[in-house]
file my_file-v3.cif (mmCIF, C-alpha atoms)
data_upload
loop_
_atom_site.label_atom_id
_atom_site.label_comp_id
_atom_site.auth_asym_id
_atom_site.auth_seq_id
_atom_site.Cartn_x
_atom_site.Cartn_y
_atom_site.Cartn_z
CA MET A 1 34.68 85.64 131.70
CA ALA A 2 37.62 86.38 129.41
CA GLU A 3 40.86 87.61 130.95
CA GLY A 4 40.56 91.04 129.33
CA ASP A 5 36.94 91.48 130.50
CA ARG A 6 37.57 91.01 134.20
CA ILE A 7 37.76 94.71 134.92
CA CYS A 8 34.44 95.22 133.13
CA GLY A 9 32.84 92.84 135.59
CA LEU A 10 33.67 95.03 138.56
CA PRO A 11 30.86 97.00 140.24
CA ASP A 12 30.40 100.60 139.13
CA GLN A 13 31.52 102.00 142.49
CA VAL A 14 34.83 100.13 142.24
CA LEU A 15 35.37 101.47 138.73
CA PHE A 16 34.51 104.99 139.90
CA ASP A 17 37.12 104.69 142.64
CA ILE A 18 39.75 103.53 140.13
CA LEU A 19 38.92 106.28 137.65
CA SER A 20 38.98 108.92 140.40
CA ARG A 21 42.72 108.30 140.76
CA LEU A 22 43.45 109.07 137.10
CA PRO A 23 43.76 112.39 135.20
CA SER A 24 40.44 113.43 133.67
CA THR A 25 41.93 113.21 130.16
CA THR A 26 42.54 109.50 130.72
CA VAL A 27 39.11 109.02 132.29
CA VAL A 28 37.34 110.49 129.26
CA ARG A 29 39.35 108.27 126.90
CA THR A 30 37.90 105.16 128.56
CA SER A 31 34.59 105.94 126.82
CA ILE A 32 35.88 104.24 123.65
CA LEU A 33 36.58 100.91 125.34
CA SER A 34 33.08 99.44 125.09
CA ASN A 35 29.39 100.22 125.51
CA ARG A 36 29.77 99.62 129.26
CA TRP A 37 32.40 102.40 129.44
CA LYS A 38 30.77 104.83 127.03
CA ASN A 39 29.00 106.96 129.64
CA LEU A 40 30.74 105.71 132.78
CA TRP A 41 33.05 108.72 132.99
CA HIS A 42 30.03 111.01 133.47
CA SER A 43 29.53 109.52 136.94
CA VAL A 44 33.12 109.84 138.19
CA PRO A 45 33.00 112.36 141.09
CA THR A 46 36.54 113.66 140.48
CA VAL A 47 37.84 116.36 138.17
CA ASP A 48 41.63 116.12 137.80
CA LEU A 49 43.08 118.71 135.42
CA ASP A 50 46.79 118.78 134.62
CA SER A 51 48.11 121.32 132.12
CA ALA A 52 51.27 119.24 131.62
CA LEU A 53 49.22 117.05 129.28
CA PHE A 54 48.88 120.12 127.03
CA ASN A 55 52.51 121.15 127.17
CA GLU A 56 53.31 122.55 123.74
CA ALA A 57 54.75 126.06 123.73
CA PHE A 58 52.14 128.80 124.05
CA LEU A 59 52.33 131.76 121.69
CA PRO A 60 50.70 134.89 123.18
CA GLY A 61 47.87 136.32 121.14
CA THR A 62 47.11 133.07 119.36
CA LEU A 63 44.55 131.53 121.68
CA PHE A 64 41.76 131.31 119.12
CA SER A 65 43.78 131.53 115.93
CA ARG A 66 45.29 128.06 116.37
CA PRO A 67 42.95 125.23 117.43
CA ASN A 68 45.97 123.14 118.40
CA ASN A 69 47.28 125.81 120.73
CA PRO A 70 47.84 124.17 124.16
CA LYS A 71 46.00 126.89 126.09
CA PHE A 72 42.99 126.63 123.79
CA ARG A 73 42.94 122.83 124.05
CA PHE A 74 43.41 122.84 127.83
CA LEU A 75 40.70 125.42 128.54
CA ARG A 76 38.33 123.86 126.03
CA PHE A 77 38.76 120.37 127.45
CA ALA A 78 38.41 121.48 131.09
CA SER A 79 35.36 123.65 130.43
CA SER A 80 33.66 121.01 128.29
CA LEU A 81 34.27 118.34 130.92
CA ILE A 82 32.83 120.39 133.76
CA LEU A 83 29.90 121.59 131.64
CA SER A 84 29.00 118.00 130.81
CA LEU A 85 29.01 117.13 134.53
CA VAL A 86 26.95 120.19 135.43
CA ARG A 87 24.30 119.29 132.87
CA ASP A 88 23.59 116.19 134.94
CA GLY A 89 21.85 117.85 137.87
CA LYS A 90 22.45 114.87 140.16
CA GLN A 91 26.18 114.43 139.52
CA ALA A 92 28.41 115.54 142.39
CA ILE A 93 31.97 116.80 141.95
CA LEU A 94 33.47 115.63 145.23
CA ASN A 95 37.12 116.18 144.29
CA PHE A 96 38.61 118.99 142.22
CA ARG A 97 42.33 119.03 141.40
CA LEU A 98 44.08 121.55 139.17
CA THR A 99 47.80 121.39 138.46
CA CYS A 100 49.03 124.11 136.16
CA LYS A 101 52.80 124.57 136.22
CA ASN A 102 52.74 126.69 133.07
CA GLY A 103 51.23 130.04 134.07
CA THR A 104 50.25 130.91 130.50
CA LEU A 105 47.82 128.00 130.41
CA CYS A 106 45.63 129.17 133.30
CA ASP A 107 43.14 132.01 133.48
CA TYR A 108 41.23 133.41 136.48
CA SER A 109 37.88 133.67 134.68
CA TYR A 110 38.02 129.98 133.76
CA LEU A 111 39.26 128.95 137.22
CA LYS A 112 36.37 130.82 138.82
CA LEU A 113 33.92 129.12 136.46
CA TRP A 114 35.28 125.66 137.30
CA ILE A 115 35.40 126.27 141.06
CA ASP A 116 31.90 127.76 141.15
CA ALA A 117 30.62 124.64 139.39
CA ALA A 118 32.41 122.36 141.85
CA VAL A 119 31.05 124.30 144.84
CA GLN A 120 27.53 124.01 143.45
CA ARG A 121 28.10 120.25 143.13
CA SER A 122 28.97 119.76 146.83
CA VAL A 123 32.74 119.52 146.43
CA GLU A 124 34.59 118.09 149.45
CA LYS A 125 38.20 118.40 148.37
CA ILE A 126 39.89 121.17 146.36
CA GLU A 127 43.57 121.18 145.38
CA ILE A 128 44.98 124.00 143.25
CA SER A 129 48.67 124.20 142.31
CA LEU A 130 49.89 127.09 140.16
CA PRO A 131 53.37 128.40 139.25
CA SER A 132 54.93 131.08 141.44
CA ALA A 133 54.77 133.86 138.85
CA THR A 134 51.01 133.55 138.34
CA ALA A 135 48.94 136.42 139.77
CA ILE A 136 45.64 134.55 140.01
CA LYS A 137 43.25 135.11 142.90
CA LEU A 138 41.50 132.44 144.92
CA PRO A 139 37.85 132.31 143.79
CA ARG A 140 35.77 133.63 146.68
CA SER A 141 33.10 130.95 146.32
CA ILE A 142 35.58 128.57 147.98
CA VAL A 143 35.44 130.36 151.35
CA THR A 144 31.68 129.87 151.69
CA CYS A 145 31.61 126.21 150.63
CA HIS A 146 29.82 124.40 153.45
CA THR A 147 30.72 120.94 152.11
CA LEU A 148 34.49 121.50 151.81
CA VAL A 149 36.63 119.21 153.98
CA VAL A 150 40.10 119.56 152.42
CA LEU A 151 41.60 122.70 150.85
CA LYS A 152 45.14 122.78 149.47
CA ILE A 153 46.29 125.84 147.53
CA GLU A 154 49.67 126.71 146.05
CA GLN A 155 50.77 130.07 144.61
CA LEU A 156 47.44 131.91 144.73
CA ILE A 157 46.54 135.43 145.84
CA VAL A 158 44.03 135.43 148.70
CA ASP A 159 41.97 138.61 148.66
CA LEU A 160 38.77 138.13 150.61
CA GLY A 161 37.48 141.66 150.16
CA GLY A 162 34.29 141.79 152.18
CA SER A 163 33.61 138.05 151.98
CA VAL A 164 32.53 136.22 155.12
CA VAL A 165 34.45 132.96 155.52
CA GLN A 166 32.20 130.01 156.37
CA LEU A 167 33.96 126.65 156.15
CA PRO A 168 32.24 124.65 158.91
CA ARG A 169 33.40 121.21 157.70
CA LEU A 170 36.99 122.06 156.73
CA LYS A 171 39.47 119.80 158.51
CA THR A 172 42.63 120.13 156.39
CA LEU A 173 44.09 123.44 155.20
CA HIS A 174 47.43 123.53 153.38
CA ILE A 175 48.75 126.86 152.04
CA ASP A 176 51.98 126.96 150.03
CA GLY A 177 53.42 130.11 148.48
CA ALA A 178 50.18 132.08 148.78
CA VAL A 179 50.03 135.86 149.00
CA PHE A 180 47.44 137.41 151.34
CA ALA A 181 46.26 140.87 150.32
CA LYS A 182 46.07 141.90 153.99
CA PRO A 183 47.23 140.28 157.25
CA LEU A 184 43.59 140.46 158.37
CA HIS A 185 42.57 138.11 155.56
CA LEU A 186 44.69 135.32 157.06
CA CYS A 187 42.90 135.85 160.37
CA LEU A 188 39.51 135.81 158.67
CA LEU A 189 40.31 132.60 156.80
CA LEU A 190 41.44 130.76 159.91
CA ASN A 191 38.57 132.16 161.95
CA GLY A 192 36.10 130.67 159.48
CA CYS A 193 37.41 127.12 160.01
CA PRO A 194 36.13 126.11 163.48
CA ASN A 195 36.75 122.38 162.93
CA LEU A 196 40.28 122.60 161.50
CA GLU A 197 42.47 119.64 162.44
CA ASP A 198 45.49 119.85 160.10
CA LEU A 199 47.13 123.19 159.23
CA LYS A 200 50.20 123.57 157.02
CA ILE A 201 51.57 126.95 155.97
CA LYS A 202 54.68 127.31 153.81
CA SER A 203 56.26 130.34 152.13
CA LEU A 204 53.34 132.60 152.92
CA THR A 205 53.50 136.33 152.13
CA LEU A 206 51.42 139.00 153.83
CA TRP A 207 50.88 142.29 152.01
CA HIS A 208 50.63 145.29 154.30
CA ASP A 209 48.86 148.61 154.06
CA GLY A 210 50.64 150.81 156.57
CA ASP A 211 50.07 148.69 159.67
CA GLY A 212 53.53 147.13 159.69
CA ASP A 213 53.83 143.39 159.73
CA SER A 214 51.38 142.76 162.52
CA ILE A 215 48.63 140.21 162.61
CA PRO A 216 45.77 142.29 164.02
CA TYR A 217 43.56 141.35 166.91
CA VAL A 218 39.99 141.99 165.86
CA SER A 219 37.17 142.04 168.36
CA GLY A 220 34.55 139.42 167.59
CA LEU A 221 36.90 136.95 165.89
CA ASN A 222 37.30 133.55 167.52
CA TYR A 223 41.02 132.84 167.74
CA SER A 224 40.41 129.38 169.16
CA PHE A 225 41.17 126.18 167.30
CA PRO A 226 39.81 123.49 169.61
CA LYS A 227 40.21 120.58 167.16
CA LEU A 228 43.58 121.45 165.60
CA MET A 229 45.91 118.48 166.09
CA ARG A 230 48.80 119.24 163.73
CA ALA A 231 50.35 122.57 162.69
CA ASP A 232 53.35 122.93 160.36
CA VAL A 233 54.38 126.54 159.78
CA SER A 234 57.55 127.33 157.82
CA SER A 235 58.98 130.12 155.66
CA MET A 236 56.43 132.57 156.96
CA TYR A 237 57.61 135.91 158.35
CA LEU A 238 55.35 136.28 161.34
CA ARG A 239 56.60 137.72 164.59
CA LEU A 240 55.73 135.75 167.68
CA GLU A 241 54.86 139.00 169.47
CA TYR A 242 51.77 139.33 167.30
CA VAL A 243 50.70 135.72 167.69
CA THR A 244 50.98 135.82 171.46
CA ARG A 245 49.04 139.10 171.62
CA THR A 246 46.00 137.70 169.82
CA PHE A 247 45.16 135.20 172.58
CA VAL A 248 45.22 132.28 170.16
CA THR A 249 44.36 128.94 171.73
CA PHE A 250 45.17 125.52 170.33
CA GLY A 251 43.38 123.31 172.81
CA ASN A 252 43.83 120.02 170.93
CA LEU A 253 47.14 120.59 169.13
CA ILE A 254 49.53 117.67 169.65
CA HIS A 255 52.13 118.21 166.90
CA MET A 256 53.66 121.60 166.04
CA LYS A 257 56.46 122.34 163.60
CA LEU A 258 57.80 125.90 163.33
CA CYS A 259 60.44 127.52 161.16
CA MET A 260 61.48 130.60 163.16
CA PHE A 261 62.98 133.68 161.57
CA ASP A 262 62.78 135.56 164.85
CA CYS A 263 64.29 133.28 167.49
CA LYS A 264 63.00 134.66 170.77
CA TRP A 265 62.74 131.67 173.04
CA GLY A 266 60.77 133.49 175.73
CA LEU A 267 57.99 134.24 173.26
CA LEU A 268 58.00 130.65 172.00
CA VAL A 269 57.46 129.42 175.56
CA ARG A 270 54.59 131.89 175.84
CA LEU A 271 53.11 130.43 172.65
CA LEU A 272 53.42 126.95 174.14
CA GLY A 273 51.16 128.20 176.90
CA PHE A 274 48.34 128.24 174.32
CA CYS A 275 49.03 124.57 173.40
CA PRO A 276 48.14 122.68 176.60
CA VAL A 277 48.26 119.12 175.17
CA LEU A 278 51.25 119.46 172.81
CA ARG A 279 53.30 116.26 172.57
CA ILE A 280 55.68 116.86 169.67
CA LEU A 281 57.57 120.11 169.03
CA HIS A 282 59.91 120.68 166.06
CA VAL A 283 61.70 124.03 165.81
CA ASP A 284 63.90 125.07 162.89
CA GLU A 285 65.98 128.17 163.63
CA ALA A 286 66.34 130.19 160.44
CA SER A 287 67.88 133.30 162.00
CA ASP A 288 71.38 134.13 163.18
CA GLU A 289 69.95 136.25 165.98
CA ARG A 290 68.73 134.38 169.05
CA SER A 291 67.43 135.67 172.36
CA ALA A 292 66.40 134.06 175.63
CA LEU A 293 65.13 137.34 177.06
CA GLY A 294 62.22 136.72 179.39
CA LEU A 295 62.49 132.94 179.16
CA LYS A 296 62.95 132.40 182.89
CA ASN A 297 60.10 134.76 183.73
CA GLU A 298 57.50 132.85 181.73
CA PRO A 299 55.25 130.44 183.68
CA VAL A 300 55.80 126.78 182.85
CA PRO A 301 53.25 125.84 180.15
CA ASP A 302 50.81 123.02 180.86
CA CYS A 303 52.15 121.10 177.87
CA MET A 304 55.44 120.49 179.73
CA SER A 305 53.63 117.66 181.52
CA ARG A 306 52.75 116.06 178.15
CA LEU A 307 55.63 116.89 175.78
CA ARG A 308 57.22 113.65 174.58
CA GLU A 309 59.52 114.81 171.78
CA CYS A 310 61.41 118.03 171.07
CA THR A 311 63.64 118.66 168.05
CA ILE A 312 65.71 121.79 167.47
CA THR A 313 67.35 122.25 164.07
CA ASN A 314 70.23 124.65 163.27
CA PHE A 315 71.20 124.73 166.94
CA LYS A 316 74.17 126.97 167.77
CA SER A 317 76.54 126.88 170.71
CA VAL A 318 75.23 130.21 172.00
CA ASP A 319 73.81 130.99 175.43
CA ALA A 320 70.26 131.60 174.17
CA ASP A 321 69.99 128.19 172.50
CA MET A 322 71.48 126.43 175.51
CA GLU A 323 69.04 128.20 177.83
CA PHE A 324 66.06 127.02 175.80
CA ALA A 325 67.33 123.43 175.60
CA THR A 326 67.94 123.51 179.35
CA TYR A 327 64.46 124.91 179.96
CA ILE A 328 62.84 122.06 178.00
CA MET A 329 64.87 119.29 179.63
CA GLN A 330 64.34 120.67 183.14
CA ASN A 331 60.58 121.18 182.79
CA ALA A 332 59.29 118.50 180.38
CA SER A 333 58.52 115.79 182.93
CA VAL A 334 57.67 113.00 180.47
CA LEU A 335 60.10 113.91 177.67
CA LEU A 336 61.36 110.82 175.86
CA ARG A 337 63.59 112.32 173.18
CA MET A 338 65.48 115.60 172.87
CA THR A 339 67.02 115.88 169.41
CA ILE A 340 69.57 118.59 168.68
CA ARG A 341 70.68 119.15 165.08
CA SER A 342 73.58 121.58 165.15
CA THR A 343 74.18 124.18 162.46
CA SER A 344 76.65 123.14 159.76
CA SER A 345 78.83 126.19 160.48
CA LEU A 346 80.13 124.71 163.75
CA SER A 347 83.64 123.29 163.74
CA GLN A 348 84.34 119.79 164.99
CA GLU A 349 85.79 121.21 168.19
CA GLU A 350 82.69 123.36 168.74
CA ARG A 351 80.44 120.37 168.13
CA MET A 352 82.29 118.29 170.71
CA GLY A 353 82.08 121.09 173.27
CA LEU A 354 78.35 121.52 172.58
CA LEU A 355 77.79 117.78 172.94
CA GLN A 356 79.47 117.75 176.35
CA ASP A 357 77.44 120.75 177.54
CA LEU A 358 74.16 119.13 176.45
CA PHE A 359 74.82 115.84 178.20
CA ILE A 360 75.51 117.44 181.59
CA ILE A 361 72.18 119.31 181.63
CA PRO A 362 69.98 117.84 184.41
CA ARG A 363 66.80 116.24 183.02
CA ILE A 364 63.59 116.01 184.99
CA SER A 365 62.52 113.02 182.90
CA ARG A 366 64.63 109.95 183.65
CA ALA A 367 63.54 108.40 180.36
CA CYS A 368 64.80 111.34 178.28
CA LEU A 369 67.27 110.39 175.56
CA VAL A 370 69.45 113.19 174.15
CA ILE A 371 70.25 112.76 170.46
CA PHE A 372 72.89 114.99 168.90
CA LYS A 373 73.35 115.26 165.16
#

call {"tool": "encode", "arguments": {"input": "my_file-v3.cif", "output": "structure tokens"}}
result
Amino acid sequence: MAEGDRICGLPDQVLFDILSRLPSTTVVRTSILSNRWKNLWHSVPTVDLDSALFNEAFLPGTLFSRPNNPKFRFLRFASSLILSLVRDGKQAILNFRLTCKNGTLCDYSYLKLWIDAAVQRSVEKIEISLPSATAIKLPRSIVTCHTLVVLKIEQLIVDLGGSVVQLPRLKTLHIDGAVFAKPLHLCLLLNGCPNLEDLKIKSLTLWHDGDGDSIPYVSGLNYSFPKLMRADVSSMYLRLEYVTRTFVTFGNLIHMKLCMFDCKWGLLVRLLGFCPVLRILHVDEASDERSALGLKNEPVPDCMSRLRECTITNFKSVDADMEFATYIMQNASVLLRMTIRSTSSLSQEERMGLLQDLFIIPRISRACLVIFK
């Protein structure tokens, strides 16, 4: 076999795997390579749309007046691609990725059309990344997709209306910069993911309708996440009072990362009581106000017998922070590493004093190593 023909000799499944890692525009272009490749792209189970490949300036009002307009070309290519896959009744769309950093190039009606087609074709992974200024809603067909395993959304509006969320196979949920029409809709989304294992929430906004900024407790919702193993929550204004009032349980959570805008250490310890097998805790303090009120009155969480690593970022030399660090080191019986990253506003003298105070704290775990940065 000639050197240049080696790739053509690979099995179809290997070629499908290779093509699934490429943008769909590139995949379609392979049809001109040879007769072997002519129809191969029809069987690739991945749709990967990137508007950056259609990046000429968009002139409003000229969508259909200029065939070379980037929005026209992008929407036409994406719709034609998906339509060609839908025509083959047996072809699955297992992976759907949309990256559209230019908000003028995306349109809700088209997005809904594409997502509906992917859902009908047993999609397992959906990734949607839009620019922050785009007011496009999440197509509701996503939240009833029984085949979906991975969902990653960026800069979308989540308005569930009266939709019932049923995502029985979803294991990974990443939300970045999304806006929820109501706090309840976040609860409904999470409630519909009974097998969730990996949760990441960043820069989330909750719209409110007169109920303050509370996350409501709703009778009949299951606030239990028995399979959740990793949770990373940052840049989300959510008071711990509301989380701890909903009786949330994270029975299998082993790694939790929180960015706290409301540093109430007593409430955080209460939250740890719902994480009985937690092993790794990362806390980033994003508030100048800290409180240890009620910390000593909270029962010692079960996870203190399993916690191996604790990291506190933006640590200050204030009593509340020291009380929490002391609480962890005096109760975490198998703690291996306590990492303290002090806030940059501390002077060198304050840092040295803080370092001395940390090292004289009694530790229940003899193997505990205190790291100060």

call {"tool": "atom_distance", "arguments": {"input": "my_file-v3.cif", "atom1": "CA of Ile93 in chain A", "atom2": "CA of Val119 in chain A"}}
result
8.1 Å

call {"tool": "resolve_selection", "arguments": {"input": "my_file-v3.cif", "expression": "the PyMOL selection byres ((chain A and resi 39) around 12)", "output": "count of residues only"}}
result
22

call {"tool": "resolve_selection", "arguments": {"input": "my_file-v3.cif", "expression": "the PyMOL selection byres ((chain A and resi 124) around 12)", "output": "VMD selection string"}}
result
chain A and resid 45 to 47 92 to 97 115 118 to 123 125 to 127 142 145 to 152 167 to 172

call {"tool": "resolve_selection", "arguments": {"input": "my_file-v3.cif", "expression": "the PyMOL selection byres ((chain A and resi 316-319) around 10)", "output": "ChimeraX atom specification"}}
result
/A:285,288,290-292,312-315,320-325,340-346,350-351,353-355,357-358

call {"tool": "atom_distance", "arguments": {"input": "my_file-v3.cif", "atom1": "CA of Gln166 in chain A", "atom2": "CA of Val143 in chain A"}}
result
6.0 Å

call {"tool": "residues_around", "arguments": {"input": "my_file-v3.cif", "residues": "range 189-204 of chain A", "least_positions_apart": "4", "cutoff": "8 Å", "atoms": "all atoms listed in the file", "output": "JSON, numbers by chain"}}
result
{"A": [143, 164, 165, 166, 167, 168, 169, 170, 171, 172, 173, 174, 175, 176, 177, 178, 179, 180, 185, 221, 222, 223, 224, 225, 226, 227, 228, 229, 230, 231, 232, 233, 234, 235, 236, 237]}

call {"tool": "closest_residue", "arguments": {"input": "my_file-v3.cif", "among": "A:Asn102, A:Gln91, A:Gln13, A:Ser109", "to": "Lys71 in chain A", "atoms": "all atoms listed in the file"}}
result
A:Asn102

call {"tool": "atom_distance", "arguments": {"input": "my_file-v3.cif", "atom1": "CA of Asp50 in chain A", "atom2": "CA of Leu186 in chain A"}}
result
28.0 Å

call {"tool": "residues_around", "arguments": {"input": "my_file-v3.cif", "residues": "Leu369 in chain A", "least_positions_apart": "6", "cutoff": "8 Å", "atoms": "only C-alpha atoms", "output": "list in words"}}
result
Leu336, Arg337 and Met338 of chain A

call {"tool": "closest_residue", "arguments": {"input": "my_file-v3.cif", "among": "A:Val269, A:Asn69, A:Asn252, A:Ala181", "to": "Val300 in chain A", "atoms": "all atoms listed in the file"}}
result
A:Val269

call {"tool": "closest_residue", "arguments": {"input": "my_file-v3.cif", "among": "A:Val334, A:Arg140, A:Asp48, A:Glu154", "to": "Thr26 in chain A", "atoms": "only C-alpha atoms"}}
result
A:Asp48

call {"tool": "residues_around", "arguments": {"input": "my_file-v3.cif", "residues": "Cys303 in chain A", "least_positions_apart": "2", "cutoff": "7 Å", "atoms": "all atoms listed in the file", "output": "list of chain:residue names"}}
result
A:Cys275, A:Pro276, A:Val277, A:Leu278, A:Pro301, A:Ser305, A:Arg306, A:Leu307
